[in-house]
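Chemist: Sending over start19.csv (CSV, C-alpha atoms and all ligand atoms).
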```
chain,number,residue,atom,x,y,z
A,243,MET,CA,65.5,114.2,87.6
A,244,THR,CA,64.4,117.1,89.7
A,245,THR,CA,63.4,115.1,92.8
A,246,PRO,CA,65.7,116.5,95.5
A,247,ASN,CA,67.7,114.0,97.7
A,248,PRO,CA,65.7,113.6,100.9
A,249,LEU,CA,68.8,112.8,102.9
A,250,ALA,CA,71.0,115.6,101.8
A,251,ASP,CA,69.7,118.3,104.2
A,252,LEU,CA,69.3,116.1,107.3
A,253,ALA,CA,71.4,116.7,110.3
A,254,VAL,CA,73.9,113.9,110.9
A,255,GLU,CA,76.0,112.9,113.8
A,256,PHE,CA,78.8,110.2,113.9
A,257,VAL,CA,77.8,108.0,116.8
A,258,GLY,CA,80.8,105.7,116.9
A,259,SER,CA,82.7,102.8,115.7
A,260,PHE,CA,81.8,99.5,117.3
A,261,PRO,CA,83.5,96.0,117.1
A,262,ASP,CA,80.4,94.3,118.5
A,263,PRO,CA,77.9,93.4,115.8
A,264,LEU,CA,75.1,93.6,118.3
A,265,HIS,CA,76.1,96.9,119.9
A,266,PRO,CA,72.9,98.5,121.1
A,267,LEU,CA,72.1,102.0,119.8
A,268,VAL,CA,70.4,104.4,122.1
A,269,PRO,CA,67.7,105.5,121.4
A,270,PRO,CA,66.6,102.6,119.3
A,271,LEU,CA,65.7,103.8,115.8
A,272,PRO,CA,65.3,101.9,112.5
A,273,GLU,CA,68.7,101.0,111.1
A,274,VAL,CA,69.9,100.6,107.5
A,275,VAL,CA,73.2,98.9,106.8
A,276,PHE,CA,75.5,99.1,103.8
A,277,PHE,CA,77.2,95.8,103.1
A,278,GLY,CA,79.2,94.2,100.4
A,279,ARG,CA,82.6,93.0,99.3
A,280,SER,CA,85.7,94.8,100.4
A,281,ASN,CA,86.4,97.8,98.1
A,282,VAL,CA,83.0,97.6,96.4
A,283,GLY,CA,82.3,101.2,97.3
A,284,LYS,CA,80.2,101.1,100.4
A,285,SER,CA,81.6,104.1,102.2
A,286,SER,CA,81.6,106.1,98.9
A,287,LEU,CA,78.0,105.3,98.3
A,288,ILE,CA,77.0,106.3,101.8
A,289,ASN,CA,78.8,109.7,101.3
A,290,ALA,CA,77.0,110.1,97.9
A,291,VAL,CA,73.6,109.2,99.3
A,292,VAL,CA,73.8,111.6,102.2
A,293,GLY,CA,75.4,114.3,100.1
A,294,ARG,CA,78.6,114.8,102.2
A,295,ARG,CA,81.7,113.0,103.3
A,296,ILE,CA,80.9,111.2,106.5
A,297,ALA,CA,82.3,107.8,105.9
A,298,LYS,CA,86.0,107.1,105.3
A,299,THR,CA,86.9,105.8,101.9
A,300,SER,CA,90.1,104.4,100.6
A,301,ALA,CA,91.7,102.9,97.5
A,302,THR,CA,93.2,100.3,99.9
A,303,PRO,CA,90.6,97.6,100.7
A,304,GLY,CA,89.8,96.8,104.3
A,305,LYS,CA,89.6,100.4,105.5
A,306,THR,CA,86.4,99.9,107.4
A,307,GLN,CA,86.9,97.6,110.3
A,308,HIS,CA,83.9,98.0,112.6
A,309,LEU,CA,80.3,99.1,112.5
A,310,ASN,CA,80.5,102.8,111.8
A,311,VAL,CA,77.2,104.3,112.9
A,312,PHE,CA,75.7,107.6,111.8
A,313,ARG,CA,72.6,109.0,113.3
A,314,PHE,CA,70.0,111.0,111.3
A,315,PRO,CA,66.7,112.3,112.6
A,316,GLY,CA,64.7,109.1,113.0
A,317,PHE,CA,67.1,106.5,111.8
A,318,TYR,CA,70.7,105.2,111.8
A,319,LEU,CA,72.9,104.4,108.8
A,320,ILE,CA,75.6,101.8,109.4
A,321,ASP,CA,78.7,101.3,107.3
A,322,LEU,CA,80.0,97.8,107.6
A,323,PRO,CA,83.4,96.3,106.9
A,324,GLY,CA,83.7,94.6,103.6
A,325,TYR,CA,83.9,90.8,103.3
A,326,GLY,CA,86.2,88.6,101.2
A,327,TYR,CA,89.4,90.7,101.1
A,328,ALA,CA,91.9,88.0,100.0
A,329,LYS,CA,95.0,89.7,101.4
A,330,LEU,CA,93.8,89.5,105.0
A,331,SER,CA,94.8,86.6,107.2
A,332,GLN,CA,92.3,83.7,107.5
A,333,THR,CA,91.6,84.7,111.1
A,334,GLU,CA,90.9,88.3,110.2
A,335,ARG,CA,88.7,87.3,107.3
A,336,GLN,CA,86.7,85.0,109.5
A,337,ARG,CA,86.3,87.8,112.1
A,338,LEU,CA,85.0,90.2,109.5
A,339,ARG,CA,82.8,87.6,108.0
A,340,ARG,CA,81.3,86.8,111.4
A,341,LEU,CA,80.8,90.4,112.2
A,342,VAL,CA,78.9,91.0,109.0
A,343,ASP,CA,76.9,87.7,109.3
A,344,ARG,CA,75.8,88.5,112.8
A,345,THR,CA,74.9,92.1,111.9
A,346,ILE,CA,72.6,90.9,109.2
A,347,ARG,CA,71.1,87.9,111.0
A,348,GLU,CA,70.7,89.2,114.5
A,349,ARG,CA,70.4,93.0,114.7
A,350,GLN,CA,67.0,93.7,116.0
A,351,GLY,CA,66.6,97.2,114.7
A,352,LEU,CA,67.5,96.5,111.0
A,353,ALA,CA,64.9,98.1,108.8
A,354,GLY,CA,66.8,97.4,105.6
A,355,VAL,CA,70.0,96.3,103.9
A,356,VAL,CA,71.7,97.9,101.0
A,357,TRP,CA,73.7,95.2,99.4
A,358,LEU,CA,76.4,96.4,97.0
A,359,LEU,CA,77.8,94.5,94.0
A,360,ASP,CA,80.3,95.9,91.5
A,361,ILE,CA,78.3,96.2,88.3
A,362,ARG,CA,81.3,94.9,86.2
A,363,HIS,CA,81.8,91.5,87.9
A,364,PRO,CA,79.7,88.4,88.4
A,365,PRO,CA,79.0,87.8,92.2
A,366,SER,CA,82.0,86.2,93.9
A,367,LYS,CA,81.8,83.0,96.0
A,368,ASP,CA,81.6,85.3,99.1
A,369,ASP,CA,78.9,87.3,97.5
A,370,LEU,CA,76.8,84.2,96.8
A,371,ALA,CA,77.4,83.0,100.4
A,372,MET,CA,76.2,86.4,101.6
A,373,ALA,CA,73.2,86.2,99.3
A,374,GLU,CA,72.1,83.1,101.2
A,375,VAL,CA,72.6,84.8,104.6
A,376,LEU,CA,70.5,87.7,103.3
A,377,SER,CA,67.7,85.6,101.9
A,378,ALA,CA,67.6,83.4,105.1
A,379,SER,CA,67.4,86.6,107.2
A,380,GLY,CA,64.3,87.8,105.3
A,381,ARG,CA,65.6,91.3,105.5
A,382,GLY,CA,64.3,93.9,103.1
A,383,THR,CA,67.1,94.4,100.7
A,384,ILE,CA,68.0,96.7,97.9
A,385,VAL,CA,70.8,95.7,95.6
A,386,ALA,CA,73.0,98.6,94.5
A,387,LEU,CA,75.3,97.9,91.5
A,388,THR,CA,78.3,100.1,92.0
A,389,LYS,CA,80.9,102.0,89.9
A,390,ALA,CA,78.6,102.2,86.8
A,391,ASP,CA,80.7,105.1,85.6
A,392,LYS,CA,83.4,102.6,84.6
A,393,LEU,CA,81.1,101.3,81.9
A,394,SER,CA,79.5,103.0,78.9
A,395,ARG,CA,75.7,103.5,78.9
A,396,ALA,CA,75.2,100.5,76.6
A,397,GLN,CA,77.5,98.3,78.7
A,398,GLN,CA,75.6,99.4,81.8
A,399,GLY,CA,72.4,98.1,80.4
A,400,ILE,CA,73.9,94.7,79.5
A,401,ALA,CA,75.7,94.4,82.8
A,402,HIS,CA,72.6,95.3,84.7
A,403,ARG,CA,70.7,92.4,83.1
A,404,GLN,CA,73.6,90.1,83.6
A,405,ARG,CA,73.9,90.8,87.3
A,406,ALA,CA,70.1,90.3,87.7
A,407,GLU,CA,70.4,87.0,85.9
A,408,ASP,CA,73.4,86.0,88.1
A,409,LEU,CA,71.3,86.6,91.2
A,410,GLY,CA,68.0,85.2,89.8
A,411,LEU,CA,66.3,88.5,90.4
A,412,ASP,CA,64.2,90.9,88.3
A,413,PRO,CA,66.4,93.7,86.9
A,414,GLU,CA,63.9,96.1,88.5
A,415,GLY,CA,65.2,95.1,91.9
A,416,LEU,CA,68.7,96.2,91.1
A,417,LEU,CA,69.7,99.8,91.2
A,418,VAL,CA,72.5,101.0,88.9
A,419,THR,CA,74.6,103.5,90.8
A,420,SER,CA,77.8,105.6,90.6
A,421,SER,CA,79.0,107.5,93.6
A,422,ALA,CA,81.5,109.3,91.3
A,423,LYS,CA,78.9,110.5,88.9
A,424,GLY,CA,75.8,110.7,91.1
A,425,LEU,CA,73.9,108.0,89.2
A,426,GLY,CA,71.0,106.3,91.1
A,427,ILE,CA,71.7,108.3,94.2
A,428,VAL,CA,68.4,110.0,94.7
A,429,GLU,CA,66.5,106.7,94.0
A,430,LEU,CA,68.6,105.0,96.7
A,431,ALA,CA,68.0,107.9,99.1
A,432,LEU,CA,64.3,107.6,98.5
A,433,SER,CA,64.4,103.8,99.1
A,434,ILE,CA,66.3,104.3,102.4
A,435,GLU,CA,63.9,106.9,103.5
A,436,ALA,CA,60.9,104.6,102.7
A,437,ALA,CA,62.6,101.7,104.6
A,438,THR,CA,63.1,103.8,107.7
A,439,ARG,CA,59.5,104.9,107.6
A,440,ALA,CA,58.0,101.5,107.1
A,441,THR,CA,56.8,99.9,110.3
A,442,GLU,CA,58.2,96.5,109.4
A,443,GLY,CA,61.5,95.9,107.6
A,444,ARG,CA,59.9,93.2,105.4
A,445,THR,CA,57.6,95.7,103.8
A,446,TRP,CA,60.5,97.4,102.1
A,447,ALA,CA,60.2,96.7,98.4
A,448,GLY,CA,63.0,99.2,97.4
B,1,LIG,N1,85.0,105.0,89.5
B,1,LIG,C1,84.4,104.9,90.7
B,1,LIG,N2,85.2,104.5,91.8
B,1,LIG,C2,84.5,104.4,92.9
B,1,LIG,C3,83.1,104.5,93.1
B,1,LIG,N3,82.8,104.3,94.4
B,1,LIG,C4,84.0,104.0,95.0
B,1,LIG,N4,85.0,104.0,94.2
B,1,LIG,C5,86.4,103.8,94.5
B,1,LIG,O1,86.6,102.5,95.0
B,1,LIG,C6,87.5,102.4,96.1
B,1,LIG,C7,86.9,101.9,97.3
B,1,LIG,O2,85.8,102.7,97.8
B,1,LIG,P1,85.2,102.6,99.3
B,1,LIG,O3,84.0,103.5,99.3
B,1,LIG,O4,86.3,103.0,100.3
B,1,LIG,O5,84.9,101.1,99.4
B,1,LIG,P2,84.4,100.2,100.6
B,1,LIG,O6,83.5,99.2,100.1
B,1,LIG,O7,83.9,101.1,101.7
B,1,LIG,O8,85.8,99.5,101.1
B,1,LIG,P3,86.1,98.8,102.5
B,1,LIG,O9,85.6,99.6,103.6
B,1,LIG,O10,87.6,98.7,102.4
B,1,LIG,O11,85.4,97.4,102.4
B,1,LIG,C8,88.0,103.9,96.2
B,1,LIG,O12,89.2,104.0,95.5
B,1,LIG,C9,86.9,104.7,95.6
B,1,LIG,O13,87.3,105.9,95.1
B,1,LIG,C10,82.4,104.9,91.9
B,1,LIG,O14,81.1,105.1,91.9
B,1,LIG,N5,83.1,105.1,90.7
B,2,MG,MG,84.4,101.2,103.7
```
Can you turn what I pasted into C-alpha cells?
Modeler:
Amino acid sequence: MTTPNPLADLAVEFVGSFPDPLHPLVPPLPEVVFFGRSNVGKSSLINAVVGRRIAKTSATPGKTQHLNVFRFPGFYLIDLPGYGYAKLSQTERQRLRRLVDRTIRERQGLAGVVWLLDIRHPPSKDDLAMAEVLSASGRGTIVALTKADKLSRAQQGIAHRQRAEDLGLDPEGLLVTSSAKGLGIVELALSIEAATRATEGRTWAG
C-alpha cells in the first residue's frame, strides 16, 4: 500500500509518433509496449502508471494510430494503436493489425509487453489471435485486466478467475487494474521497472 510508484517521479519526454513498426529508437534502450483491443484503456493505463497525462485518451475508439513513444531515463514506453475496432474499414483494420503484429514479433528492443484485456469481457477473436502472436514471440508479458472499477469487489474476484481460465493462465499472472481508481497501478509500475532492468526480456515474470 505504501510502496511509492517508481515511475511517477521520472523525467519523461515524448519522442514521437511513428507509422513504421520497426522505427529505430536512438539511443537503443529497453522498450515496453502497451497493447490490446481498441478502447480497452491502453493510453489511460499508461497515464496512470506514469502518474501524469502523457498519452492521448478518448471515448472514441481508434484514437491512437501510430507507435507513440515516450522516453524515460533508461527505457522507452510505447503506446500502440488498438486492434479489432469493428467500425474501421477492412483495409485500415488490416493495417493496424499488421503494425501491432510486427511490433510484437520483430522489434529488437522489446523488453516486455503489457497486454490489456477488459476485465468484464471474455477475450474476443482478435484477442485470442493476438494471444497466439504473443506466445509465439516468447516475449515476457504481463496481462493487465482493465476497468475493474466498473465491477464490485466481489465481481472483480470472479471475473479475475474467469479471465485466467479463458486464457489458460494462473490468476497470479493477471493484474487487476483501474486507471480511474488507481488499482494495481504501483504493481504494474514495479513490473515495468523490473522488465526494463532485466538483461533479457524472457526473464520478466511480472
Ligand atoms: N471506468 C473506467 N474507464 C476507463 C478506464 N480506463 C479507460 N477508460 C475509458 O475507456 C475509454 C478508452 O480509453 P483509452 O485509454 O483512450 O483506450 P485505448 O485503449 O488507448 O484506445 P485506442 O487508442 O482507441 O485503442 C475512455 O473513455 C476512458 O476514459 C478505467 O480504468 N475505468
Ligand atoms: Mg490509445
Chemist: Please give me, as a list of chain:residue names, the residues lying within 6 Å of ligand MG 2 (chain B) when counting only C-alpha atoms and all ligand atoms.
Modeler: A:Lys284, A:Ser285, A:Thr299, A:Lys305, A:Thr306, A:Pro323
Chemist: Mind listing whatever residues come within 10 Å of the point (80.5, 103.8, 114.6)? Use all atoms listed in the file, file coordinates, and give them as an NGL selection string.
Modeler: :A and (256-261 or 265 or 297 or 307-313 or 319-322)
Chemist: For Gln404 of chain A, which residue out of A:Gly324, A:Pro246, A:Pro365, A:Gly424 is the nearest one, using all atoms listed in the file?
Modeler: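 Comparing A:Gly324, A:Pro246, A:Pro365, A:Gly424 against Gln404 of chain A, the winner is A:Pro365.
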Chemist: Report as an MDAnalysis selection string which protein, DNA and RNA residues come within 8 Å of ligand LIG 1 (chain B), using only C-alpha atoms and all ligand atoms.
Modeler: chainID A and resid 277:288 298:307 321:325 327 388:392 419:424
Chemist: Just how far from atom CA of Pro315 of chain A is atom CA of Glu255 of chain A, in Å to one decimal?
Modeler: 9.4 Å
Chemist: Give me the residues near Arg405 of chain A as a PyMOL selection string, where near means some atom within 8 Å (using all atoms listed in the file) and where sequence neighbours in that chain fewer than 4 positions away do not count.
Modeler: chain A and resi 361+363-365+401+409
Chemist: Atom CA of Ser366 of chain A to atom CA of Glu414 of chain A: how many Å, to one decimal?
Modeler: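 These two atoms are separated by 21.3 Å.
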Chemist: Between A:Glu435, A:Asp251, A:Asp369, A:Asp412, which is the closest to Arg294 of chain A once you count all atoms listed in the file?
Modeler: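 Closest to Arg294 of chain A, using all atoms listed in the file: A:Asp251.
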Chemist: Determine the nearest neighbour of Gly426 of chain A from the options A:Leu387, A:Ile400, A:Ala406, A:Leu338, counting only C-alpha atoms.
Modeler: A:Leu387
Chemist: Work out how far apart atom CA of Ala437 of chain A and atom CA of Ala371 of chain A are and give it in Å to one decimal.
Modeler: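 Between atom CA of Ala437 of chain A and atom CA of Ala371 of chain A the gap works out to 24.2 Å.
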Chemist: Of the candidates A:Leu330, A:Glu407, A:Arg439, A:Val291, which shows the shortest atom-to-atom distance to Leu425 of chain A, using all atoms listed in the file?
Modeler: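 When distances to Leu425 of chain A are compared using all atoms listed in the file, the smallest one comes from A:Val291.
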Chemist: Nearest to Leu370 of chain A: which of A:Asp408, A:Leu393, A:Gly316, A:Gly293 is it, counting all atoms listed in the file?
Modeler: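 Of A:Asp408, A:Leu393, A:Gly316, A:Gly293, the one nearest Leu370 of chain A is A:Asp408, counting all atoms listed in the file.
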Chemist: Could you check which residues have any atom within 6 Å of (71.7, 99.2, 113.7), counting all atoms listed in the file with coordinates taken straight from the file, and then list them as a list in words?
Modeler: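 Selection result: Glu273, Gly351 and Leu352 of chain A.
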Chemist: Would you please work out which residue, of A:Val418, A:Ser433, A:Val268, A:Arg381, is nearest to Arg349 of chain A when using all atoms listed in the file?
Modeler: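 Of A:Val418, A:Ser433, A:Val268, A:Arg381, the one nearest Arg349 of chain A is A:Arg381, counting all atoms listed in the file.
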Chemist: Some atoms are missing, so please complete segment 254-277 of chain A with N, CA and C atoms and return it as a compact mmCIF listing (two decimals), in the frame of the given file.
Modeler:
```
# COMPACT_ATOMS: atom_id res chain seq x y z
N VAL A 254 73.27 115.20 110.65
CA VAL A 254 73.90 113.90 110.90
C VAL A 254 74.95 113.97 111.94
N GLU A 255 75.05 112.90 112.70
CA GLU A 255 76.00 112.90 113.80
C GLU A 255 76.71 111.49 113.75
N PHE A 256 78.03 111.47 113.85
CA PHE A 256 78.80 110.20 113.90
C PHE A 256 78.59 109.69 115.36
N VAL A 257 78.02 108.50 115.50
CA VAL A 257 77.80 108.00 116.80
C VAL A 257 78.98 107.24 117.36
N GLY A 258 79.64 106.45 116.49
CA GLY A 258 80.80 105.70 116.90
C GLY A 258 81.14 104.56 116.05
N SER A 259 82.21 103.88 116.42
CA SER A 259 82.70 102.80 115.70
C SER A 259 82.78 101.57 116.61
N PHE A 260 82.02 100.51 116.32
CA PHE A 260 81.80 99.50 117.30
C PHE A 260 82.23 98.09 116.77
N PRO A 261 83.10 97.37 117.50
CA PRO A 261 83.50 96.00 117.10
C PRO A 261 82.41 94.97 117.29
N ASP A 262 81.47 95.26 118.19
CA ASP A 262 80.40 94.30 118.50
C ASP A 262 79.25 94.41 117.55
N PRO A 263 78.95 93.34 116.78
CA PRO A 263 77.90 93.40 115.80
C PRO A 263 76.51 93.73 116.41
N LEU A 264 76.39 93.43 117.70
CA LEU A 264 75.10 93.60 118.30
C LEU A 264 75.10 94.85 119.27
N HIS A 265 76.08 95.72 119.12
CA HIS A 265 76.10 96.90 119.90
C HIS A 265 74.81 97.66 119.92
N PRO A 266 74.17 97.84 121.10
CA PRO A 266 72.90 98.50 121.10
C PRO A 266 72.98 99.99 120.87
N LEU A 267 72.08 100.53 120.09
CA LEU A 267 72.10 102.00 119.80
C LEU A 267 70.97 102.61 120.64
N VAL A 268 71.31 103.74 121.25
CA VAL A 268 70.40 104.40 122.10
C VAL A 268 70.20 105.86 121.59
N PRO A 269 68.96 106.32 121.31
CA PRO A 269 67.70 105.50 121.40
C PRO A 269 67.60 104.55 120.27
N PRO A 270 66.81 103.48 120.45
CA PRO A 270 66.60 102.60 119.30
C PRO A 270 65.81 103.26 118.23
N LEU A 271 66.33 103.19 117.01
CA LEU A 271 65.70 103.80 115.80
C LEU A 271 65.88 102.76 114.69
N PRO A 272 65.08 102.82 113.63
CA PRO A 272 65.30 101.90 112.50
C PRO A 272 66.75 102.10 111.96
N GLU A 273 67.33 100.98 111.55
CA GLU A 273 68.70 101.00 111.10
C GLU A 273 68.78 100.50 109.61
N VAL A 274 69.65 101.11 108.83
CA VAL A 274 69.90 100.60 107.50
C VAL A 274 71.42 100.38 107.37
N VAL A 275 71.79 99.15 106.97
CA VAL A 275 73.20 98.90 106.80
C VAL A 275 73.63 98.80 105.36
N PHE A 276 74.85 99.23 105.10
CA PHE A 276 75.50 99.10 103.80
C PHE A 276 76.47 97.96 103.88
N PHE A 277 76.39 97.04 102.95
CA PHE A 277 77.20 95.80 103.10
C PHE A 277 77.54 95.26 101.76
```
